[in-house]
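Structure file work19.cif; described as mmCIF, C-alpha atoms.
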```cif
data_protein
loop_
_atom_site.group_PDB
_atom_site.id
_atom_site.type_symbol
_atom_site.label_atom_id
_atom_site.label_comp_id
_atom_site.auth_asym_id
_atom_site.auth_seq_id
_atom_site.Cartn_x
_atom_site.Cartn_y
_atom_site.Cartn_z
ATOM 1 C CA MET Y 6 25.089 31.364 20.509
ATOM 2 C CA ASN Y 7 22.484 29.053 22.060
ATOM 3 C CA ALA Y 8 23.692 28.140 25.539
ATOM 4 C CA HIS Y 9 22.800 24.481 25.092
ATOM 5 C CA LEU Y 10 25.384 24.232 22.325
ATOM 6 C CA GLY Y 11 28.215 25.520 24.477
ATOM 7 C CA ASN Y 12 31.018 27.514 22.944
ATOM 8 C CA THR Y 13 32.420 24.909 20.565
ATOM 9 C CA LEU Y 14 32.102 25.076 16.806
ATOM 10 C CA GLU Y 15 31.664 21.323 16.440
ATOM 11 C CA ASN Y 16 27.917 21.511 15.758
ATOM 12 C CA THR Y 17 27.805 25.018 14.305
ATOM 13 C CA TYR Y 18 27.493 25.534 10.556
ATOM 14 C CA GLU Y 19 27.036 28.374 8.157
ATOM 15 C CA ALA Y 20 24.445 26.315 6.300
ATOM 16 C CA VAL Y 21 22.530 23.162 7.108
ATOM 17 C CA VAL Y 22 20.715 21.324 4.330
ATOM 18 C CA VAL Y 23 17.820 19.274 5.696
ATOM 19 C CA GLY Y 24 17.313 16.432 3.228
ATOM 20 C CA GLY Y 25 19.883 14.635 1.112
ATOM 21 C CA GLY Y 26 18.103 13.940 -2.173
ATOM 22 C CA ALA Y 27 18.889 15.531 -5.530
ATOM 23 C CA ALA Y 28 17.917 19.058 -4.456
ATOM 24 C CA GLY Y 29 19.746 18.852 -1.153
ATOM 25 C CA LEU Y 30 22.960 17.423 -2.537
ATOM 26 C CA SER Y 31 22.936 19.998 -5.336
ATOM 27 C CA ALA Y 32 22.613 22.810 -2.793
ATOM 28 C CA ALA Y 33 25.329 21.278 -0.624
ATOM 29 C CA LEU Y 34 27.704 20.969 -3.581
ATOM 30 C CA VAL Y 35 27.348 24.657 -4.421
ATOM 31 C CA LEU Y 36 27.738 25.684 -0.777
ATOM 32 C CA GLY Y 37 30.797 23.500 -0.308
ATOM 33 C CA ARG Y 38 32.410 24.995 -3.382
ATOM 34 C CA ALA Y 39 31.560 28.432 -1.976
ATOM 35 C CA ARG Y 40 33.705 27.557 1.060
ATOM 36 C CA ARG Y 41 30.763 27.448 3.434
ATOM 37 C CA ARG Y 42 30.876 25.164 6.463
ATOM 38 C CA THR Y 43 27.928 22.994 5.503
ATOM 39 C CA LEU Y 44 26.132 19.958 6.887
ATOM 40 C CA VAL Y 45 23.570 17.729 5.172
ATOM 41 C CA VAL Y 46 21.153 15.911 7.473
ATOM 42 C CA ASP Y 47 19.461 13.102 5.577
ATOM 43 C CA ALA Y 48 16.735 10.752 6.807
ATOM 44 C CA GLY Y 49 17.421 8.393 3.888
ATOM 45 C CA ALA Y 50 13.913 8.129 2.421
ATOM 46 C CA PRO Y 51 13.979 9.560 -1.143
ATOM 47 C CA ARG Y 52 10.718 9.630 -3.060
ATOM 48 C CA ASN Y 53 12.162 7.692 -6.022
ATOM 49 C CA ALA Y 54 13.734 4.910 -3.927
ATOM 50 C CA PRO Y 55 11.388 2.194 -5.324
ATOM 51 C CA SER Y 56 12.474 2.931 -8.912
ATOM 52 C CA ALA Y 57 15.271 0.864 -10.420
ATOM 53 C CA HIS Y 58 16.243 3.635 -12.830
ATOM 54 C CA MET Y 59 15.772 7.364 -13.347
ATOM 55 C CA GLN Y 60 15.321 8.883 -16.771
ATOM 56 C CA GLY Y 61 15.527 12.276 -18.400
ATOM 57 C CA VAL Y 62 18.662 13.456 -16.588
ATOM 58 C CA LEU Y 63 21.210 14.412 -19.203
ATOM 59 C CA SER Y 64 24.343 12.197 -19.032
ATOM 60 C CA ARG Y 65 22.744 10.088 -16.244
ATOM 61 C CA ASP Y 66 19.767 8.648 -18.122
ATOM 62 C CA GLY Y 67 19.015 5.142 -16.824
ATOM 63 C CA MET Y 68 21.187 5.449 -13.722
ATOM 64 C CA SER Y 69 19.730 4.013 -10.530
ATOM 65 C CA PRO Y 70 18.602 6.584 -7.939
ATOM 66 C CA ALA Y 71 20.802 4.913 -5.318
ATOM 67 C CA ASP Y 72 23.911 5.192 -7.501
ATOM 68 C CA TYR Y 73 23.078 8.800 -8.321
ATOM 69 C CA LEU Y 74 22.822 9.758 -4.664
ATOM 70 C CA ALA Y 75 26.010 7.857 -3.843
ATOM 71 C CA ALA Y 76 27.848 9.828 -6.533
ATOM 72 C CA GLY Y 77 26.428 13.068 -5.126
ATOM 73 C CA ARG Y 78 27.530 12.226 -1.605
ATOM 74 C CA ALA Y 79 31.048 11.500 -2.836
ATOM 75 C CA GLU Y 80 31.136 14.841 -4.654
ATOM 76 C CA ILE Y 81 30.072 16.941 -1.660
ATOM 77 C CA ALA Y 82 32.621 15.160 0.535
ATOM 78 C CA ARG Y 83 35.420 16.461 -1.697
ATOM 79 C CA TYR Y 84 34.504 19.992 -0.611
ATOM 80 C CA GLY Y 85 34.372 19.244 3.096
ATOM 81 C CA VAL Y 86 30.580 19.081 3.379
ATOM 82 C CA GLY Y 87 29.450 16.945 6.296
ATOM 83 C CA LEU Y 88 26.781 14.279 5.955
ATOM 84 C CA ARG Y 89 24.788 13.007 8.876
ATOM 85 C CA VAL Y 90 22.162 10.289 8.687
ATOM 86 C CA GLY Y 91 19.223 11.249 10.842
ATOM 87 C CA GLU Y 92 15.973 13.132 11.101
ATOM 88 C CA VAL Y 93 15.471 16.724 12.166
ATOM 89 C CA THR Y 94 12.671 16.663 14.727
ATOM 90 C CA GLY Y 95 12.769 20.277 15.908
ATOM 91 C CA ALA Y 96 13.676 23.690 14.546
ATOM 92 C CA ALA Y 97 13.630 27.096 16.193
ATOM 93 C CA PRO Y 98 15.290 30.519 15.880
ATOM 94 C CA ASP Y 99 18.441 30.818 17.973
ATOM 95 C CA GLY Y 100 17.889 34.461 18.895
ATOM 96 C CA ALA Y 101 20.855 35.637 16.851
ATOM 97 C CA GLY Y 102 19.463 35.431 13.323
ATOM 98 C CA GLY Y 103 20.192 31.724 12.907
ATOM 99 C CA PHE Y 104 18.534 28.465 13.878
ATOM 100 C CA VAL Y 105 18.865 25.563 16.280
ATOM 101 C CA LEU Y 106 17.904 22.140 14.974
ATOM 102 C CA THR Y 107 17.171 19.136 17.143
ATOM 103 C CA LEU Y 108 17.931 15.735 15.673
ATOM 104 C CA ALA Y 109 16.153 12.516 16.520
ATOM 105 C CA ASP Y 110 19.125 11.447 18.638
ATOM 106 C CA GLY Y 111 18.716 14.630 20.671
ATOM 107 C CA ASP Y 112 21.908 16.279 19.473
ATOM 108 C CA PRO Y 113 21.387 20.012 18.638
ATOM 109 C CA VAL Y 114 22.915 21.672 15.581
ATOM 110 C CA ARG Y 115 23.195 25.413 14.991
ATOM 111 C CA ALA Y 116 22.977 26.942 11.518
ATOM 112 C CA ARG Y 117 23.148 30.495 10.251
ATOM 113 C CA ARG Y 118 20.991 29.526 7.274
ATOM 114 C CA LEU Y 119 18.813 26.562 6.259
ATOM 115 C CA VAL Y 120 17.910 24.848 3.002
ATOM 116 C CA VAL Y 121 14.994 22.438 3.432
ATOM 117 C CA THR Y 122 14.776 19.706 0.776
ATOM 118 C CA THR Y 123 12.834 17.009 2.610
ATOM 119 C CA GLY Y 124 10.581 15.984 -0.286
ATOM 120 C CA LEU Y 125 7.125 14.452 -0.079
ATOM 121 C CA VAL Y 126 5.303 11.170 0.390
ATOM 122 C CA ASP Y 127 2.958 9.682 -2.206
ATOM 123 C CA GLU Y 128 -0.100 8.389 -0.349
ATOM 124 C CA LEU Y 129 -1.529 5.817 -2.724
ATOM 125 C CA PRO Y 130 -5.144 4.702 -3.132
ATOM 126 C CA PRO Y 131 -5.928 1.786 -0.767
ATOM 127 C CA ILE Y 132 -5.960 -0.880 -3.479
ATOM 128 C CA ASP Y 133 -4.604 -4.336 -2.713
ATOM 129 C CA GLY Y 134 -1.111 -4.809 -4.163
ATOM 130 C CA LEU Y 135 -0.704 -1.263 -5.486
ATOM 131 C CA ALA Y 136 1.911 0.009 -3.030
ATOM 132 C CA GLY Y 137 4.061 -3.105 -3.327
ATOM 133 C CA ARG Y 138 4.537 -2.608 -7.056
ATOM 134 C CA TRP Y 139 4.996 1.178 -6.940
ATOM 135 C CA GLY Y 140 7.922 2.209 -9.123
ATOM 136 C CA ARG Y 141 8.038 -1.191 -10.856
ATOM 137 C CA ASP Y 142 4.960 -1.789 -13.024
ATOM 138 C CA VAL Y 143 2.728 0.624 -11.098
ATOM 139 C CA LEU Y 144 3.883 4.031 -12.271
ATOM 140 C CA HIS Y 145 2.878 7.670 -12.039
ATOM 141 C CA CYS Y 146 4.866 9.647 -14.609
ATOM 142 C CA PRO Y 147 5.099 8.899 -18.348
ATOM 143 C CA TYR Y 148 8.088 11.228 -18.666
ATOM 144 C CA CYS Y 149 9.908 9.115 -16.076
ATOM 145 C CA HIS Y 150 8.849 5.664 -17.289
ATOM 146 C CA GLY Y 151 6.884 5.939 -20.524
ATOM 147 C CA TRP Y 152 9.678 4.986 -22.922
ATOM 148 C CA GLU Y 153 10.519 1.824 -20.974
ATOM 149 C CA VAL Y 154 6.908 0.539 -21.103
ATOM 150 C CA ARG Y 155 5.931 1.941 -24.516
ATOM 151 C CA ASP Y 156 3.286 0.002 -26.453
ATOM 152 C CA GLU Y 157 2.402 -2.224 -23.498
ATOM 153 C CA ALA Y 158 -1.139 -2.712 -22.211
ATOM 154 C CA PHE Y 159 -1.730 0.266 -19.921
ATOM 155 C CA GLY Y 160 -4.290 0.591 -17.185
ATOM 156 C CA VAL Y 161 -4.939 3.971 -15.615
ATOM 157 C CA ILE Y 162 -6.690 4.249 -12.253
ATOM 158 C CA ALA Y 163 -8.625 7.500 -12.380
ATOM 159 C CA HIS Y 164 -7.769 10.272 -9.968
ATOM 160 C CA PRO Y 165 -10.909 11.404 -8.105
ATOM 161 C CA THR Y 166 -10.612 15.057 -9.187
ATOM 162 C CA MET Y 167 -8.980 14.671 -12.636
ATOM 163 C CA PRO Y 168 -10.314 11.359 -13.942
ATOM 164 C CA ALA Y 169 -9.275 11.673 -17.594
ATOM 165 C CA HIS Y 170 -6.024 13.637 -17.468
ATOM 166 C CA GLN Y 171 -3.504 10.858 -16.890
ATOM 167 C CA ALA Y 172 -5.146 8.476 -19.368
ATOM 168 C CA LEU Y 173 -5.036 11.140 -22.065
ATOM 169 C CA MET Y 174 -1.360 11.770 -21.340
ATOM 170 C CA VAL Y 175 -0.154 8.182 -21.363
ATOM 171 C CA ALA Y 176 -2.093 7.379 -24.542
ATOM 172 C CA HIS Y 177 0.801 9.071 -26.361
ATOM 173 C CA TRP Y 178 3.067 6.173 -25.276
ATOM 174 C CA SER Y 179 0.656 3.302 -26.035
ATOM 175 C CA LYS Y 180 -2.446 2.781 -28.122
ATOM 176 C CA ASP Y 181 -3.730 0.123 -25.709
ATOM 177 C CA VAL Y 182 -5.027 2.151 -22.749
ATOM 178 C CA THR Y 183 -7.900 1.385 -20.396
ATOM 179 C CA LEU Y 184 -9.149 3.966 -17.919
ATOM 180 C CA PHE Y 185 -10.529 2.436 -14.710
ATOM 181 C CA LEU Y 186 -12.936 4.966 -13.241
ATOM 182 C CA HIS Y 187 -12.668 3.277 -9.813
ATOM 183 C CA THR Y 188 -14.348 5.785 -7.458
ATOM 184 C CA ALA Y 189 -14.156 8.808 -9.774
ATOM 185 C CA ALA Y 190 -17.131 10.461 -11.413
ATOM 186 C CA GLU Y 191 -17.955 10.006 -15.068
ATOM 187 C CA PRO Y 192 -15.799 12.110 -17.396
ATOM 188 C CA SER Y 193 -17.374 15.289 -18.695
ATOM 189 C CA GLU Y 194 -18.741 15.354 -22.227
ATOM 190 C CA HIS Y 195 -15.575 17.105 -23.425
ATOM 191 C CA GLU Y 196 -13.304 14.643 -21.598
ATOM 192 C CA ALA Y 197 -15.249 11.714 -23.040
ATOM 193 C CA ALA Y 198 -14.727 13.099 -26.551
ATOM 194 C CA LEU Y 199 -10.987 13.408 -25.935
ATOM 195 C CA LEU Y 200 -10.770 9.896 -24.513
ATOM 196 C CA ASP Y 201 -12.572 8.578 -27.563
ATOM 197 C CA ALA Y 202 -10.205 10.486 -29.844
ATOM 198 C CA ALA Y 203 -7.229 8.973 -27.997
ATOM 199 C CA GLY Y 204 -8.668 5.457 -28.284
ATOM 200 C CA VAL Y 205 -8.931 5.048 -24.503
ATOM 201 C CA ARG Y 206 -11.445 2.462 -23.271
ATOM 202 C CA ILE Y 207 -13.358 3.068 -20.043
ATOM 203 C CA GLU Y 208 -13.994 0.448 -17.352
ATOM 204 C CA ARG Y 209 -16.576 1.306 -14.709
ATOM 205 C CA GLY Y 210 -16.577 -0.231 -11.270
ATOM 206 C CA GLU Y 211 -14.300 -0.122 -8.269
ATOM 207 C CA VAL Y 212 -10.774 -1.506 -8.516
ATOM 208 C CA VAL Y 213 -10.079 -3.873 -5.599
ATOM 209 C CA GLY Y 214 -6.637 -5.203 -6.440
ATOM 210 C CA LEU Y 215 -3.992 -6.224 -8.918
ATOM 211 C CA ALA Y 216 -3.351 -9.636 -10.446
ATOM 212 C CA VAL Y 217 0.290 -10.718 -10.279
ATOM 213 C CA GLU Y 218 1.934 -13.877 -11.624
ATOM 214 C CA ASP Y 219 5.630 -14.755 -11.245
ATOM 215 C CA ASP Y 220 6.242 -11.279 -9.825
ATOM 216 C CA ARG Y 221 4.785 -9.598 -12.908
ATOM 217 C CA LEU Y 222 1.616 -7.535 -13.124
ATOM 218 C CA THR Y 223 -0.933 -9.289 -15.298
ATOM 219 C CA GLY Y 224 -4.202 -7.514 -14.663
ATOM 220 C CA VAL Y 225 -6.511 -5.244 -12.686
ATOM 221 C CA ARG Y 226 -9.212 -6.852 -10.505
ATOM 222 C CA LEU Y 227 -12.640 -5.237 -10.264
ATOM 223 C CA ALA Y 228 -15.155 -5.491 -7.425
ATOM 224 C CA GLY Y 229 -17.488 -7.623 -9.525
ATOM 225 C CA GLY Y 230 -14.845 -10.363 -9.749
ATOM 226 C CA ARG Y 231 -13.661 -9.654 -13.286
ATOM 227 C CA THR Y 232 -9.964 -9.148 -14.081
ATOM 228 C CA VAL Y 233 -8.902 -6.966 -17.005
ATOM 229 C CA ALA Y 234 -5.549 -7.977 -18.456
ATOM 230 C CA ARG Y 235 -2.955 -5.168 -18.139
ATOM 231 C CA SER Y 236 0.837 -5.253 -17.842
ATOM 232 C CA VAL Y 237 1.354 -1.669 -16.603
ATOM 233 C CA VAL Y 238 -0.768 0.513 -14.343
ATOM 234 C CA PHE Y 239 -0.507 4.266 -13.998
ATOM 235 C CA ALA Y 240 -1.883 5.640 -10.760
ATOM 236 C CA ALA Y 241 -1.665 9.086 -9.255
ATOM 237 C CA ALA Y 242 -1.321 9.414 -5.508
ATOM 238 C CA SER Y 243 -4.622 10.106 -3.811
ATOM 239 C CA ARG Y 244 -2.757 12.591 -1.621
ATOM 240 C CA LEU Y 245 0.694 14.159 -1.764
ATOM 241 C CA ALA Y 246 2.014 14.899 1.710
ATOM 242 C CA ALA Y 247 4.984 17.249 1.886
ATOM 243 C CA ARG Y 248 7.561 16.409 4.551
ATOM 244 C CA ASP Y 249 7.402 19.983 5.742
ATOM 245 C CA GLY Y 250 7.524 19.616 9.523
ATOM 246 C CA VAL Y 251 10.649 21.775 9.849
ATOM 247 C CA LEU Y 252 9.096 24.517 7.736
ATOM 248 C CA ARG Y 253 5.843 24.451 9.690
ATOM 249 C CA GLN Y 254 7.681 24.649 12.996
ATOM 250 C CA LEU Y 255 9.455 27.765 11.761
ATOM 251 C CA GLY Y 256 6.155 29.322 10.660
ATOM 252 C CA ALA Y 257 6.775 29.302 6.900
ATOM 253 C CA GLU Y 258 3.884 30.501 4.772
ATOM 254 C CA LEU Y 259 2.061 27.738 2.906
ATOM 255 C CA ARG Y 260 0.026 27.838 -0.304
ATOM 256 C CA GLU Y 261 -2.901 25.782 -1.538
ATOM 257 C CA THR Y 262 -2.402 23.925 -4.818
ATOM 258 C CA PRO Y 263 -4.534 21.398 -6.758
ATOM 259 C CA PHE Y 264 -2.241 18.729 -5.260
ATOM 260 C CA GLY Y 265 -2.355 19.858 -1.634
ATOM 261 C CA GLU Y 266 -0.633 22.343 0.641
ATOM 262 C CA PHE Y 267 2.999 23.271 -0.048
ATOM 263 C CA VAL Y 268 5.456 25.874 1.204
ATOM 264 C CA ALA Y 269 5.425 29.183 -0.653
ATOM 265 C CA VAL Y 270 8.785 30.096 -2.201
ATOM 266 C CA ASP Y 271 10.047 32.766 -4.569
ATOM 267 C CA GLU Y 272 12.019 32.179 -7.771
ATOM 268 C CA VAL Y 273 15.188 31.269 -5.852
ATOM 269 C CA GLY Y 274 13.486 29.126 -3.210
ATOM 270 C CA ARG Y 275 13.356 31.721 -0.456
ATOM 271 C CA THR Y 276 10.534 31.072 2.022
ATOM 272 C CA SER Y 277 8.673 33.633 4.123
ATOM 273 C CA VAL Y 278 11.047 32.879 7.024
ATOM 274 C CA PRO Y 279 14.221 35.002 6.782
ATOM 275 C CA GLY Y 280 17.241 32.748 6.345
ATOM 276 C CA VAL Y 281 15.296 29.684 5.166
ATOM 277 C CA TRP Y 282 15.152 28.323 1.618
ATOM 278 C CA ALA Y 283 13.292 25.284 0.266
ATOM 279 C CA ALA Y 284 13.807 23.257 -2.918
ATOM 280 C CA GLY Y 285 12.670 20.029 -4.555
ATOM 281 C CA ASN Y 286 9.439 18.134 -3.937
ATOM 282 C CA VAL Y 287 8.826 19.772 -0.561
ATOM 283 C CA THR Y 288 7.779 22.807 -2.654
ATOM 284 C CA GLY Y 289 5.529 20.856 -5.055
ATOM 285 C CA PRO Y 290 5.057 17.475 -6.747
ATOM 286 C CA GLN Y 291 6.403 18.308 -10.212
ATOM 287 C CA GLU Y 292 10.066 18.753 -9.311
ATOM 288 C CA GLN Y 293 11.672 15.848 -11.145
ATOM 289 C CA VAL Y 294 15.349 15.070 -10.461
ATOM 290 C CA VAL Y 295 16.680 17.489 -13.059
ATOM 291 C CA ASN Y 296 14.411 20.274 -11.787
ATOM 292 C CA ALA Y 297 15.282 19.556 -8.165
ATOM 293 C CA VAL Y 298 18.993 19.824 -8.934
ATOM 294 C CA SER Y 299 18.429 23.205 -10.553
ATOM 295 C CA ARG Y 300 16.305 24.476 -7.658
ATOM 296 C CA GLY Y 301 18.854 23.345 -5.121
ATOM 297 C CA TYR Y 302 21.581 25.147 -7.053
ATOM 298 C CA ARG Y 303 19.572 28.383 -7.189
ATOM 299 C CA ALA Y 304 18.763 28.277 -3.490
ATOM 300 C CA ALA Y 305 22.402 27.749 -2.555
ATOM 301 C CA VAL Y 306 23.612 30.624 -4.727
ATOM 302 C CA ALA Y 307 21.008 32.959 -3.207
ATOM 303 C CA LEU Y 308 21.932 31.839 0.302
ATOM 304 C CA ASN Y 309 25.645 32.358 -0.264
ATOM 305 C CA ASN Y 310 25.090 35.779 -1.839
ATOM 306 C CA GLU Y 311 23.055 36.832 1.171
ATOM 307 C CA LEU Y 312 25.848 35.789 3.529
ATOM 308 C CA VAL Y 313 28.584 37.436 1.441
ATOM 309 C CA PHE Y 314 26.937 40.832 1.214
ATOM 310 C CA GLY Y 315 25.279 40.698 4.617
ATOM 311 C CA ASP Y 316 28.609 39.964 6.316
ATOM 312 C CA LEU Y 317 30.300 42.774 4.417
ATOM 313 C CA GLU Y 318 27.627 45.195 5.576
ATOM 314 C CA GLU Y 319 28.172 44.082 9.177
ATOM 315 C CA ARG Y 320 31.932 44.458 8.948
ATOM 316 C CA ALA Y 321 31.641 47.863 7.307
ATOM 317 C CA ALA Y 322 29.442 48.957 10.218
ATOM 318 C CA GLY Y 323 31.930 47.596 12.749
ATOM 319 C CA ARG Y 324 29.603 44.877 14.006
ATOM 320 C CA PRO Y 325 30.535 41.190 14.685
ATOM 321 C CA VAL Y 326 29.618 38.626 12.042
ATOM 322 C CA GLY Y 327 28.006 35.247 12.596
#
```

Mind turning the file's structure into structure tokens?
Amino acid sequence: MNAHLGNTLENTYEAVVVGGGAAGLSAALVLGRARRRTLVVDAGAPRNAPSAHMQGVLSRDGMSPADYLAAGRAEIARYGVGLRVGEVTGAAPDGAGGFVLTLADGDPVRARRLVVTTGLVDELPPIDGLAGRWGRDVLHCPYCHGWEVRDEAFGVIAHPTMPAHQALMVAHWSKDVTLFLHTAAEPSEHEAALLDAAGVRIERGEVVGLAVEDDRLTGVRLAGGRTVARSVVFAAASRLAARDGVLRQLGAELRETPFGEFVAVDEVGRTSVPGVWAAGNVTGPQEQVVNAVSRGYRAAVALNNELVFGDLEERAAGRPVG
């Protein structure tokens, strides 16, 4: 055991889940039910916090993200899982096959195994007013929000590397769609044909801001001074930044994707670092709530199985466990 922790078990766990969103709470629920001494450390900054509702989660469709997480925290508490509000600022091997985590308050925690579910941050284009309306009438995912804004006047701010993709997608939810090229290049000939087939209009020129009246989006302002009336804007993040500091400190292998750099995991969330799993948006941007729950579940089952059979092997060989 790390000498700094002393000989008490107070801050020693079989599993620590770093991140308390959907993936983390799902993993913690499975681990608690598997009778593992488990702690969740949560910084309290979920990606979907700006959204009033979440959709597409069977039996919880329309529930607020805050209520969903509160229900999850109550469920893990029933199985003795600890919850600590804070940020993990340091992670290192403990020399005995486990890990020592340092929290922002300086208090160390020891874990035999880790599940990292710290999510990501959407870094939005620097357009006046965009960030303040994120999750309200500035949206990113038609599967999350499309039904609620169906048939409204959509604006789509083009992504610099995939200018037509989002406009083509959201045109399924409304026939009134305008693609603002902003700083993106002209669509290819094939993309232009698809946009025409979808009935999407194209506005050229840089977007400088949004028009808002009585706390409602009313239009998109262009650099030339013109405002195009729109009631909903879809905008993809210009950069997706994984909150992967813990994984990087431990030397986890990363992979390049069209959306940025993310930790490499196998089908059950195992990273390249023995004893460390990852789940949810820290592994990629397309893990919606329902997917994150599933990934957290899989990671926890794999972790518990490793402990069960690994400990049996140690006992059979006459060696101490833990």

(request) Calculate how many Å separate CA of Ala321 in chain Y from CA of Ala101 in chain Y, rounding to one decimal. (result)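 Going from CA of Ala321 in chain Y over to CA of Ala101 in chain Y covers 18.9 Å.
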
(message) Evaluated on this file, the PyMOL selection byres ((chain Y and resi 214-223) around 8) picks out some residues - which ones are they, written as an NGL selection string?
(response) :Y and (132-135 or 142 or 212-213 or 224-227 or 232 or 234-237)

Could those selected residues go to a file with C-alpha atoms, as an mmCIF file, keeping the file's coordinate frame?
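The resulting result_18.cif:
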```cif
data_model
loop_
_atom_site.group_PDB
_atom_site.id
_atom_site.type_symbol
_atom_site.label_atom_id
_atom_site.label_comp_id
_atom_site.auth_asym_id
_atom_site.auth_seq_id
_atom_site.Cartn_x
_atom_site.Cartn_y
_atom_site.Cartn_z
ATOM 1 C CA ILE Y 132 -5.960 -0.880 -3.479
ATOM 2 C CA ASP Y 133 -4.604 -4.336 -2.713
ATOM 3 C CA GLY Y 134 -1.111 -4.809 -4.163
ATOM 4 C CA LEU Y 135 -0.704 -1.263 -5.486
ATOM 5 C CA ASP Y 142 4.960 -1.789 -13.024
ATOM 6 C CA VAL Y 212 -10.774 -1.506 -8.516
ATOM 7 C CA VAL Y 213 -10.079 -3.873 -5.599
ATOM 8 C CA GLY Y 224 -4.202 -7.514 -14.663
ATOM 9 C CA VAL Y 225 -6.511 -5.244 -12.686
ATOM 10 C CA ARG Y 226 -9.212 -6.852 -10.505
ATOM 11 C CA LEU Y 227 -12.640 -5.237 -10.264
ATOM 12 C CA THR Y 232 -9.964 -9.148 -14.081
ATOM 13 C CA ALA Y 234 -5.549 -7.977 -18.456
ATOM 14 C CA ARG Y 235 -2.955 -5.168 -18.139
ATOM 15 C CA SER Y 236 0.837 -5.253 -17.842
ATOM 16 C CA VAL Y 237 1.354 -1.669 -16.603
#
```

(message) Measuring between only C-alpha atoms, which one of Y:Leu317, Y:Leu200, Y:Ala228, Y:Val120 shows the shortest distance to Leu252 in chain Y?
(response) Y:Val120

(message) Show me, as an MDAnalysis selection string, the residues that have an atom within 9 Å of Ala240 in chain Y when counting only C-alpha atoms, minus same-chain residues fewer than 6 positions from it.
(response) chainID Y and resid 129:130 135 143:146 160:164 171

(message) Between CA of Leu184 in chain Y and CA of Met167 in chain Y, what distance in Å does the model show, to one decimal?
(response)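 Interatomic distance here is 11.9 Å.
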
(message) When you look at Arg40 in chain Y with a cut-off of 10 Å (counting all atoms listed in the file), what residues show up, excluding the ones that are within fewer than 3 positions of it in the same chain? I need them as a list in words.
(response)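 Within the cut-off, the hits are Glu19, Val35, Leu36, Gly37, Thr43, Tyr84, Gly85, Val86 and Asn309 of chain Y.
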
For the residues in the current selection, export C-alpha atoms as a short mmCIF file (atom, residue, chain, number, x, y, z; two decimals), in the frame of the given file.
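Now in part12.cif:
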```cif
data_model
loop_
_atom_site.label_atom_id
_atom_site.label_comp_id
_atom_site.auth_asym_id
_atom_site.auth_seq_id
_atom_site.Cartn_x
_atom_site.Cartn_y
_atom_site.Cartn_z
CA GLU Y 19 27.04 28.37 8.16
CA VAL Y 35 27.35 24.66 -4.42
CA LEU Y 36 27.74 25.68 -0.78
CA GLY Y 37 30.80 23.50 -0.31
CA THR Y 43 27.93 22.99 5.50
CA TYR Y 84 34.50 19.99 -0.61
CA GLY Y 85 34.37 19.24 3.10
CA VAL Y 86 30.58 19.08 3.38
CA ASN Y 309 25.64 32.36 -0.26
#
```

(request) Name the residues that the PyMOL selection byres ((chain Y and resi 205) around 7) picks from the file above, as an MDAnalysis selection string, using the file's chain letters and numbers. (result) chainID Y and resid 182:184 200:201 203:204 206:207
